[in-house]
$ cat run28.cif   # mmCIF, C-alpha atoms
data_input
#
loop_
_atom_site.label_atom_id
_atom_site.label_comp_id
_atom_site.auth_asym_id
_atom_site.auth_seq_id
_atom_site.Cartn_x
_atom_site.Cartn_y
_atom_site.Cartn_z
CA MET A 1 -7.78 -33.41 1.76
CA HIS A 2 -6.55 -31.39 4.76
CA SER A 3 -7.55 -27.71 4.63
CA PRO A 4 -5.04 -25.75 6.74
CA ARG A 5 -6.52 -22.96 8.85
CA ILE A 6 -4.80 -19.62 8.29
CA LEU A 7 -5.44 -16.33 10.09
CA ILE A 8 -4.47 -13.01 8.48
CA LEU A 9 -4.33 -9.86 10.59
CA HIS A 10 -4.27 -6.34 9.17
CA ALA A 11 -5.02 -2.91 10.61
CA SER A 12 -7.48 -0.38 9.21
CA THR A 13 -5.05 2.54 9.10
CA GLY A 14 -5.72 3.03 5.39
CA ALA A 15 -6.77 0.61 2.67
CA GLY A 16 -3.38 -0.84 1.71
CA HIS A 17 -2.86 -3.30 4.56
CA ARG A 18 -6.38 -4.69 4.08
CA ARG A 19 -5.86 -5.07 0.32
CA ALA A 20 -2.65 -6.99 0.95
CA ALA A 21 -4.51 -9.29 3.35
CA GLU A 22 -7.27 -9.88 0.81
CA ALA A 23 -4.74 -10.73 -1.92
CA VAL A 24 -3.01 -13.32 0.27
CA LYS A 25 -6.39 -14.72 1.33
CA ALA A 26 -7.39 -15.26 -2.31
CA ALA A 27 -4.09 -17.01 -3.07
CA LEU A 28 -4.38 -19.29 -0.03
CA GLN A 29 -8.00 -20.16 -0.75
CA ALA A 30 -7.01 -21.10 -4.29
CA ARG A 31 -4.82 -23.75 -2.63
CA ASN A 32 -7.59 -25.17 -0.47
CA ALA A 33 -6.75 -23.29 2.74
CA THR A 34 -9.42 -22.06 5.14
CA VAL A 35 -8.68 -18.38 5.74
CA GLU A 36 -10.03 -15.78 8.14
CA VAL A 37 -9.08 -12.11 7.87
CA ILE A 38 -9.37 -9.89 10.95
CA ASP A 39 -8.88 -6.17 11.43
CA SER A 40 -6.73 -5.98 14.57
CA VAL A 41 -7.88 -2.39 15.20
CA ARG A 42 -11.33 -3.76 16.06
CA HIS A 43 -9.78 -5.57 19.01
CA ILE A 44 -7.89 -2.76 20.71
CA HIS A 45 -9.09 -0.36 23.40
CA PRO A 46 -11.01 2.67 22.01
CA LEU A 47 -8.64 5.14 23.70
CA PHE A 48 -5.57 3.45 22.24
CA LYS A 49 -7.31 3.36 18.87
CA LEU A 50 -8.01 7.10 19.09
CA VAL A 51 -4.38 7.94 19.86
CA TYR A 52 -2.63 5.31 17.74
CA VAL A 53 -4.83 5.22 14.66
CA GLN A 54 -6.65 8.55 14.47
CA GLY A 55 -3.71 10.46 15.91
CA GLY A 56 -1.28 8.79 13.55
CA LEU A 57 -3.44 9.31 10.49
CA GLY A 58 -4.00 12.94 11.50
CA MET A 59 -0.27 13.49 11.68
CA ILE A 60 0.30 11.84 8.30
CA THR A 61 -2.28 14.03 6.56
CA ARG A 62 -1.85 17.32 8.46
CA MET A 63 1.80 17.30 9.55
CA PRO A 64 3.64 15.11 7.03
CA ARG A 65 7.05 16.62 7.78
CA VAL A 66 6.67 15.95 11.50
CA PHE A 67 5.56 12.39 10.72
CA GLY A 68 8.55 11.93 8.42
CA ALA A 69 11.00 13.14 11.05
CA LEU A 70 9.52 10.81 13.70
CA TYR A 71 9.51 7.91 11.24
CA ARG A 72 13.21 8.36 10.45
CA MET A 73 14.10 8.81 14.10
CA ALA A 74 12.24 5.64 15.14
CA ASP A 75 14.24 3.70 12.54
CA ARG A 76 17.55 4.45 14.28
CA PRO A 77 18.87 1.49 16.29
CA LEU A 78 19.22 3.30 19.63
CA VAL A 79 15.82 5.03 19.42
CA ASP A 80 14.22 1.77 18.33
CA ARG A 81 15.61 -0.07 21.36
CA LEU A 82 14.42 2.65 23.73
CA MET A 83 10.90 2.70 22.26
CA ARG A 84 10.20 -1.03 22.12
CA LEU A 85 9.29 -1.72 25.74
CA PRO A 86 6.97 1.29 26.30
CA ARG A 87 5.36 0.79 22.90
CA TYR A 88 4.74 -2.89 23.50
CA SER A 89 3.47 -2.27 27.03
CA ALA A 90 0.87 0.20 25.75
CA GLN A 91 -0.17 -2.16 22.97
CA ARG A 92 -0.42 -5.19 25.27
CA LEU A 93 -2.66 -3.40 27.76
CA SER A 94 -4.91 -2.21 24.94
CA ALA A 95 -5.17 -5.42 22.93
CA ARG A 96 -6.17 -8.16 25.36
CA SER A 97 -9.20 -9.07 23.27
CA LEU A 98 -6.96 -9.58 20.23
CA LEU A 99 -5.21 -12.52 21.92
CA ARG A 100 -8.60 -14.04 22.76
CA GLU A 101 -9.72 -13.57 19.15
CA VAL A 102 -6.60 -15.23 17.79
CA ARG A 103 -7.09 -18.20 20.12
CA ARG A 104 -10.76 -18.43 19.11
CA CYS A 105 -9.75 -18.81 15.48
CA SER A 106 -7.32 -21.62 16.38
CA PRO A 107 -5.22 -21.17 13.23
CA GLU A 108 -2.24 -23.27 12.20
CA ALA A 109 -0.39 -20.19 10.96
CA ILE A 110 -0.79 -16.42 11.25
CA LEU A 111 0.19 -13.76 8.72
CA CYS A 112 0.31 -10.05 9.54
CA THR A 113 0.20 -7.30 6.91
CA HIS A 114 0.64 -4.53 9.50
CA PHE A 115 3.35 -3.95 12.10
CA LEU A 116 0.92 -3.49 15.04
CA PRO A 117 -0.34 -7.09 15.21
CA VAL A 118 3.01 -8.58 14.24
CA GLU A 119 4.77 -6.87 17.16
CA LEU A 120 2.13 -8.07 19.62
CA LEU A 121 2.02 -11.63 18.34
CA ALA A 122 5.80 -11.93 18.18
CA ALA A 123 5.95 -10.98 21.88
CA TRP A 124 3.21 -13.49 22.75
CA ARG A 125 5.15 -16.18 20.90
CA ARG A 126 8.32 -15.40 22.84
CA GLN A 127 6.31 -15.63 26.06
CA GLY A 128 4.85 -19.00 25.07
CA ARG A 129 1.29 -17.67 24.85
CA LEU A 130 1.03 -18.58 21.16
CA ALA A 131 2.54 -21.56 19.36
CA GLN A 132 1.46 -20.97 15.75
CA ARG A 133 3.91 -20.04 13.02
CA LEU A 134 4.00 -16.27 12.50
CA TYR A 135 4.76 -14.44 9.25
CA ALA A 136 5.33 -10.74 8.55
CA VAL A 137 4.17 -9.45 5.15
CA ILE A 138 5.96 -6.10 4.81
CA THR A 139 3.90 -3.70 2.69
CA ASP A 140 6.52 -1.05 1.83
CA PHE A 141 9.49 -1.24 -0.51
CA GLU A 142 11.93 -0.62 2.35
CA PRO A 143 11.40 -2.18 5.79
CA HIS A 144 11.37 -0.19 9.02
CA ARG A 145 12.70 -1.59 12.29
CA ILE A 146 9.19 -1.63 13.72
CA TRP A 147 8.59 -4.78 11.62
CA GLU A 148 11.61 -6.65 13.03
CA HIS A 149 11.05 -8.91 16.05
CA ALA A 150 12.28 -12.16 17.55
CA GLY A 151 9.45 -14.68 17.33
CA ILE A 152 8.71 -14.15 13.62
CA ASP A 153 9.24 -17.30 11.55
CA ALA A 154 9.59 -15.59 8.17
CA TYR A 155 9.45 -12.21 6.46
CA PHE A 156 8.03 -11.56 3.00
CA VAL A 157 9.55 -8.47 1.35
CA ALA A 158 9.16 -6.45 -1.81
CA SER A 159 12.60 -6.72 -3.40
CA ASP A 160 16.22 -7.76 -3.08
CA TYR A 161 16.92 -4.25 -1.79
CA ALA A 162 14.38 -4.74 1.02
CA ALA A 163 15.88 -8.13 1.86
CA GLN A 164 19.35 -6.62 2.12
CA ARG A 165 18.03 -4.03 4.56
CA LEU A 166 16.80 -6.86 6.83
CA PHE A 167 20.13 -8.68 6.51
CA ASP A 168 21.95 -5.48 7.48
CA ASP A 169 19.71 -5.25 10.56
CA GLY A 170 20.70 -8.76 11.62
CA ILE A 171 17.73 -10.78 10.37
CA PRO A 172 18.90 -14.29 9.30
CA ARG A 173 18.92 -14.81 5.56
CA ASP A 174 17.02 -18.09 5.68
CA VAL A 175 13.85 -16.46 7.05
CA VAL A 176 13.61 -13.69 4.43
CA HIS A 177 11.67 -14.36 1.22
CA VAL A 178 11.69 -11.92 -1.69
CA THR A 179 8.15 -12.24 -3.04
CA GLY A 180 6.96 -8.71 -3.78
CA ILE A 181 4.06 -6.96 -2.07
CA PRO A 182 0.87 -9.02 -2.47
CA ILE A 183 -1.77 -7.69 -4.87
CA LEU A 184 -4.72 -9.21 -6.69
CA LEU A 185 -3.92 -10.77 -10.06
CA ASP A 186 -6.65 -8.61 -11.61
CA PHE A 187 -4.00 -5.89 -11.95
CA THR A 188 -2.17 -8.02 -14.53
CA ARG A 189 -5.18 -8.68 -16.75
CA HIS A 190 -5.09 -7.42 -20.32
CA TYR A 191 -7.81 -4.85 -20.93
CA ASP A 192 -8.84 -2.94 -24.04
CA ARG A 193 -8.00 0.63 -22.94
CA ILE A 194 -10.27 2.23 -25.54
CA ALA A 195 -13.28 0.11 -24.57
CA LEU A 196 -12.56 0.67 -20.88
CA LYS A 197 -12.43 4.45 -21.25
CA THR A 198 -15.79 4.40 -22.99
CA ARG A 199 -17.37 2.16 -20.37
CA LEU A 200 -16.00 4.33 -17.54
CA GLY A 201 -17.52 7.43 -19.11
CA PHE A 202 -14.54 9.09 -20.81
CA ASP A 203 -13.63 10.05 -24.36
CA PRO A 204 -11.71 7.04 -25.74
CA ASP A 205 -9.62 9.23 -28.05
CA ARG A 206 -8.18 11.51 -25.35
CA PRO A 207 -5.50 10.66 -22.76
CA LEU A 208 -6.75 9.87 -19.27
CA ILE A 209 -4.74 10.90 -16.20
CA LEU A 210 -5.74 9.11 -13.01
CA ALA A 211 -5.04 10.91 -9.71
CA THR A 212 -5.11 8.66 -6.65
CA GLY A 213 -4.86 9.33 -2.93
CA GLY A 214 -5.23 5.89 -1.37
CA GLY A 215 -8.04 5.00 0.99
CA LEU A 216 -7.61 8.30 2.86
CA GLY A 217 -7.84 10.48 -0.22
CA ALA A 218 -4.49 12.04 0.67
CA GLY A 219 -1.86 13.28 -1.74
CA SER A 220 -2.89 16.93 -2.40
CA MET A 221 -5.50 16.00 -4.99
CA GLU A 222 -7.36 19.28 -4.69
CA ALA A 223 -4.14 21.17 -5.39
CA ILE A 224 -3.43 18.85 -8.33
CA ALA A 225 -6.91 19.54 -9.75
CA ARG A 226 -6.49 23.30 -9.42
CA GLU A 227 -3.08 23.21 -11.08
CA ALA A 228 -4.37 21.01 -13.93
CA LEU A 229 -7.32 23.36 -14.51
CA HIS A 230 -4.96 26.34 -14.48
CA ARG A 231 -2.88 24.73 -17.24
CA SER A 232 -5.92 23.82 -19.35
CA ALA A 233 -6.90 27.06 -21.02
CA GLY A 234 -9.70 26.25 -23.44
CA PRO A 235 -10.92 22.69 -24.04
CA PRO A 236 -8.18 20.47 -22.51
CA ALA A 237 -6.67 17.66 -24.55
CA GLU A 238 -6.36 15.48 -21.45
CA GLN A 239 -8.99 14.06 -19.13
CA PHE A 240 -8.61 13.66 -15.36
CA ALA A 241 -10.24 11.27 -12.91
CA PHE A 242 -9.67 11.75 -9.15
CA VAL A 243 -10.09 8.75 -6.85
CA THR A 244 -10.69 10.17 -3.37
CA GLY A 245 -11.13 6.91 -1.46
CA ASN A 246 -13.18 7.33 1.72
CA ASN A 247 -12.60 11.09 1.88
CA ALA A 248 -16.16 12.33 1.27
CA ASP A 249 -15.30 15.98 1.99
CA LEU A 250 -12.57 15.99 -0.64
CA ARG A 251 -14.87 14.42 -3.19
CA ALA A 252 -17.54 17.06 -2.53
CA ARG A 253 -15.02 19.88 -3.02
CA LEU A 254 -13.74 18.34 -6.23
CA ASP A 255 -17.28 17.84 -7.55
CA GLN A 256 -17.80 21.59 -7.26
CA LEU A 257 -14.41 22.42 -8.72
CA LEU A 258 -14.82 20.17 -11.76
CA ILE A 259 -18.29 21.32 -12.84
CA GLY A 260 -18.36 21.80 -16.61
CA THR A 261 -14.95 20.22 -17.28
CA GLY A 262 -15.97 16.66 -18.07
CA TRP A 263 -13.46 15.54 -15.45
CA ARG A 264 -14.72 13.39 -12.60
CA ALA A 265 -14.21 12.90 -8.88
CA LEU A 266 -14.80 9.39 -7.59
CA GLY A 267 -15.05 8.01 -4.09
CA TYR A 268 -13.83 4.55 -3.13
CA VAL A 269 -13.73 2.31 -6.21
CA SER A 270 -13.84 -1.47 -6.13
CA ASN A 271 -12.56 -1.83 -9.71
CA MET A 272 -9.17 -0.13 -9.41
CA PRO A 273 -7.56 -2.64 -11.84
CA GLU A 274 -9.87 -1.30 -14.54
CA TRP A 275 -9.15 2.34 -13.71
CA LEU A 276 -5.40 1.74 -13.89
CA ALA A 277 -5.79 -0.19 -17.14
CA ALA A 278 -7.78 2.69 -18.64
CA ALA A 279 -5.27 5.33 -17.49
CA ASP A 280 -2.48 6.59 -19.73
CA ILE A 281 -0.63 7.84 -16.64
CA ALA A 282 -1.24 7.99 -12.89
CA ILE A 283 -0.32 10.67 -10.39
CA GLY A 284 -0.48 10.22 -6.64
CA LYS A 285 1.01 9.17 -3.32
CA ALA A 286 3.60 6.41 -3.13
CA GLY A 287 1.98 3.86 -0.85
CA GLY A 288 3.49 0.39 -1.00
CA MET A 289 0.30 -1.22 -2.26
CA THR A 290 -0.36 1.56 -4.75
CA GLY A 291 3.18 1.28 -6.05
CA SER A 292 2.88 -2.49 -6.48
CA GLU A 293 -0.44 -2.16 -8.30
CA ILE A 294 1.01 0.57 -10.51
CA LEU A 295 3.99 -1.63 -11.45
CA ALA A 296 1.79 -4.63 -12.23
CA SER A 297 -0.54 -2.49 -14.34
CA GLY A 298 2.36 -1.00 -16.28
CA VAL A 299 1.20 2.58 -15.76
CA PRO A 300 3.73 5.46 -15.74
CA PHE A 301 3.59 7.13 -12.33
CA VAL A 302 4.22 10.71 -11.21
CA ILE A 303 4.71 11.26 -7.48
CA PRO A 304 4.04 14.76 -6.08
CA PRO A 305 5.31 15.90 -2.68
CA GLY A 306 3.23 14.28 0.02
CA VAL A 307 3.54 11.90 2.94
CA LYS A 308 7.06 11.74 4.34
CA GLY A 309 8.65 8.68 5.89
CA HIS A 310 7.71 5.34 4.34
CA GLU A 311 6.31 6.93 1.19
CA ASP A 312 9.51 8.89 0.63
CA ARG A 313 11.37 5.60 0.55
CA ASN A 314 8.78 3.97 -1.70
CA ALA A 315 9.07 6.90 -4.11
CA VAL A 316 12.86 6.56 -4.29
CA TYR A 317 12.52 2.86 -5.11
CA LEU A 318 9.87 3.38 -7.80
CA GLN A 319 11.90 6.12 -9.46
CA ALA A 320 15.03 3.96 -9.37
CA CYS A 321 13.07 1.28 -11.25
CA GLY A 322 12.38 3.77 -14.04
CA ALA A 323 8.62 3.44 -13.56
CA ALA A 324 8.02 6.75 -11.75
CA VAL A 325 9.13 10.36 -11.57
CA VAL A 326 9.38 12.05 -8.18
CA THR A 327 8.62 15.78 -8.21
CA ALA A 328 9.25 18.58 -5.71
CA THR A 329 6.08 20.65 -6.20
CA ILE A 330 2.48 20.19 -7.31
CA ALA A 331 3.11 22.38 -10.35
CA GLU A 332 6.08 20.22 -11.35
CA ALA A 333 4.02 17.06 -10.85
CA VAL A 334 1.21 18.23 -13.14
CA HIS A 335 3.69 19.55 -15.72
CA THR A 336 5.57 16.23 -15.68
CA ALA A 337 2.38 14.18 -16.01
CA LEU A 338 1.25 16.23 -19.00
CA SER A 339 4.71 16.00 -20.59
CA ILE A 340 4.82 12.21 -20.27
CA VAL A 341 1.28 11.70 -21.51
CA ARG A 342 2.17 13.74 -24.61
CA ASP A 343 5.38 11.75 -25.27
CA PRO A 344 4.49 8.22 -26.48
CA ASN A 345 8.11 7.02 -26.48
CA ARG A 346 8.76 8.06 -22.88
CA ARG A 347 5.42 6.66 -21.80
CA GLU A 348 6.23 3.29 -23.36
CA GLN A 349 9.68 3.22 -21.76
CA MET A 350 8.12 3.78 -18.34
CA ARG A 351 5.50 1.11 -19.00
CA MET A 352 8.23 -1.40 -19.86
CA ALA A 353 10.24 -0.47 -16.76
CA ALA A 354 7.17 -0.92 -14.56
CA ARG A 355 6.42 -4.37 -15.87
CA ILE A 356 10.05 -5.47 -15.48
CA ALA A 357 10.06 -4.35 -11.83
CA ALA A 358 6.62 -5.80 -11.03
CA ARG A 359 6.14 -8.93 -8.93
CA PRO A 360 2.42 -9.52 -9.56
CA ARG A 361 2.37 -13.09 -8.22
CA ALA A 362 3.60 -12.07 -4.76
CA ALA A 363 0.48 -13.32 -2.99
CA HIS A 364 0.81 -16.75 -4.60
CA ALA A 365 4.52 -16.90 -3.73
CA ILE A 366 3.65 -16.14 -0.10
CA ALA A 367 0.92 -18.80 -0.09
CA SER A 368 3.34 -21.39 -1.48
CA VAL A 369 5.92 -20.74 1.24
CA VAL A 370 3.37 -20.83 4.08
CA LEU A 371 1.64 -24.01 2.95
CA ARG A 372 4.92 -25.76 2.19
CA GLU A 373 6.19 -25.01 5.71
CA LEU A 374 2.94 -26.21 7.26
CA GLU A 375 3.30 -29.52 5.44
#

$ encode --input "run28.cif" --output "structure tokens"
Amino acid sequence: MHSPRILILHASTGAGHRRAAEAVKAALQARNATVEVIDSVRHIHPLFKLVYVQGGLGMITRMPRVFGALYRMADRPLVDRLMRLPRYSAQRLSARSLLREVRRCSPEAILCTHFLPVELLAAWRRQGRLAQRLYAVITDFEPHRIWEHAGIDAYFVASDYAAQRLFDDGIPRDVVHVTGIPILLDFTRHYDRIALKTRLGFDPDRPLILATGGGLGAGSMEAIAREALHRSAGPPAEQFAFVTGNNADLRARLDQLLIGTGWRALGYVSNMPEWLAAADIAIGKAGGMTGSEILASGVPFVIPPGVKGHEDRNAVYLQACGAAVVTATIAEAVHTALSIVRDPNRREQMRMAARIAARPRAAHAIASVVLRELE
């Protein structure tokens, strides 16, 4: 039996794009494909990496309003047209080894879960330097123009709303597939919440609130912890767990802050499906991957003020689904989370809304389209 060779490119600008790549890889391998996943950031010039990746992440975490303003501006048609040539020129000069790496892999099709490699590869396809089919896996609930390029064979998007945005931008309808954002199927497994809480080291009879900040540990978790402690005079009825991702400094500060509370700060966790299954409610930043995992897990979600730009748009979508509440301040976010966790009826309504909006088999839908087109 023929085993098609598939290459998936992501970019290590946070954990979400890599998780999407891994989910699609698992779905393709389940269908007998040979898959290689590459971090495109490893194949760009160190100076460009410093400016593009570290500079961009620094702006997201330290100047979210500035990032949000630039994000919205870059999504305007005129600004987008003006930026494309200089942006591509800088990327092309900095990513020569990426083209060599793609050719080394000799894939039959290429999927990109980040806009950096998809823009480069789309240009190389237009120039005749690559012949493989190219797919864009958009990892937010609303696309940005930076994803849209001639030379892309198909787009995979989160929802009908996202598809309509692409149609409005002039993308042909026959190349847009509404699949959802790809996640691992582990997020849909049925777990015993009581047993999970016990195994994870928490009181099974008390509500558990899970605070997440993505791979960067962003999302004002320290402020959330301080506000939650302020509201918990005496022994608190609720328990908190804070997932700080790769942010070791944040975890160290939270470890000190939480001494004696029974609450816990965690670093990067490889069993996030279990943590979401154990949680009665989650509070955190509205990344596209996080939002998709939250929906599939059926966990009510509270979104505090945080990263502007793409996460603003994700938050609007999740709230419109009825699965999340967007708040204006940290105090409001903690108050809302505590109110929901103490209201079983509201909590169940949000769980139902999340599961209705979820598209947990997105990765398998993407795999089916790609393999069918290769046949």

$ atom_distance --input "run28.cif" --atom1 "CA of Thr244 in chain A" --atom2 "CA of Asn314 in chain A"
20.5 Å

$ atom_distance --input "run28.cif" --atom1 "CA of Asp280 in chain A" --atom2 "CA of Thr212 in chain A"
13.5 Å

$ resolve_selection --input "run28.cif" --expression "the PyMOL selection byres ((chain A and resi 10) around 7)" --output "list in words"
Ile8, Leu9, Ala11, Ser12, His17, Arg18, Ala21, Ile38, Asp39, Ser40, Cys112, Thr113 and His114 of chain A

$ residues_around --input "run28.cif" --residues "Val269 in chain A" --least-positions-apart "6" --cutoff "10 Å" --atoms "all atoms listed in the file" --output "list in words"
Gly215, Val243, Thr244, Gly245, Asn246 and Trp275 of chain A

$ closest_residue --input "run28.cif" --among "A:Ala15, A:Arg372, A:Val334, A:Ala367" --to "Val35 in chain A" --atoms "all atoms listed in the file"
A:Ala367

$ closest_residue --input "run28.cif" --among "A:Ala27, A:Val316, A:Ala278, A:Ala286" --to "Tyr191 in chain A" --atoms "all atoms listed in the file"
A:Ala278

$ resolve_selection --input "run28.cif" --expression "the PyMOL selection byres ((chain A and resi 158-165) around 8)" --output "PyMOL selection string"
chain A and resi 138-143+156-157+166-169+176-181

$ residues_around --input "run28.cif" --residues "Asp75 in chain A" --least-positions-apart "6" --cutoff "8 Å" --atoms "all atoms listed in the file" --output "CSV table (one decimal) with C-alpha atoms, keeping the file's coordinate frame"
chain,number,residue,atom,x,y,z
A,144,HIS,CA,11.4,-0.2,9.0
A,145,ARG,CA,12.7,-1.6,12.3
A,146,ILE,CA,9.2,-1.6,13.7

$ closest_residue --input "run28.cif" --among "A:Ala331, A:Ala282, A:Leu185, A:Ala323" --to "Ala363 in chain A" --atoms "all atoms listed in the file"
A:Leu185

$ atom_distance --input "run28.cif" --atom1 "CA of Pro305 in chain A" --atom2 "CA of Thr329 in chain A"
6.0 Å

$ closest_residue --input "run28.cif" --among "A:Glu332, A:Leu257, A:Gly284, A:Phe187" --to "Ala358 in chain A" --atoms "all atoms listed in the file"
A:Phe187

$ closest_residue --input "run28.cif" --among "A:Arg5, A:Arg103, A:Arg342, A:Arg84" --to "Arg206 in chain A" --atoms "only C-alpha atoms"
A:Arg342

$ closest_residue --input "run28.cif" --among "A:Glu101, A:Asp343, A:Glu36, A:Asp153" --to "Val369 in chain A" --atoms "all atoms listed in the file"
A:Asp153

$ resolve_selection --input "run28.cif" --expression "the PyMOL selection byres ((chain A and resi 308) around 12)" --output "MDAnalysis selection string"
chainID A and resid 59:72 219 285:287 304:307 309:316

$ residues_near_point --input "run28.cif" --point "(-6.7, -21.5, 0.4)" --cutoff "10 Å" --atoms "all atoms listed in the file" --output "PyMOL selection string"
chain A and resi 3-6+24-35+367+371
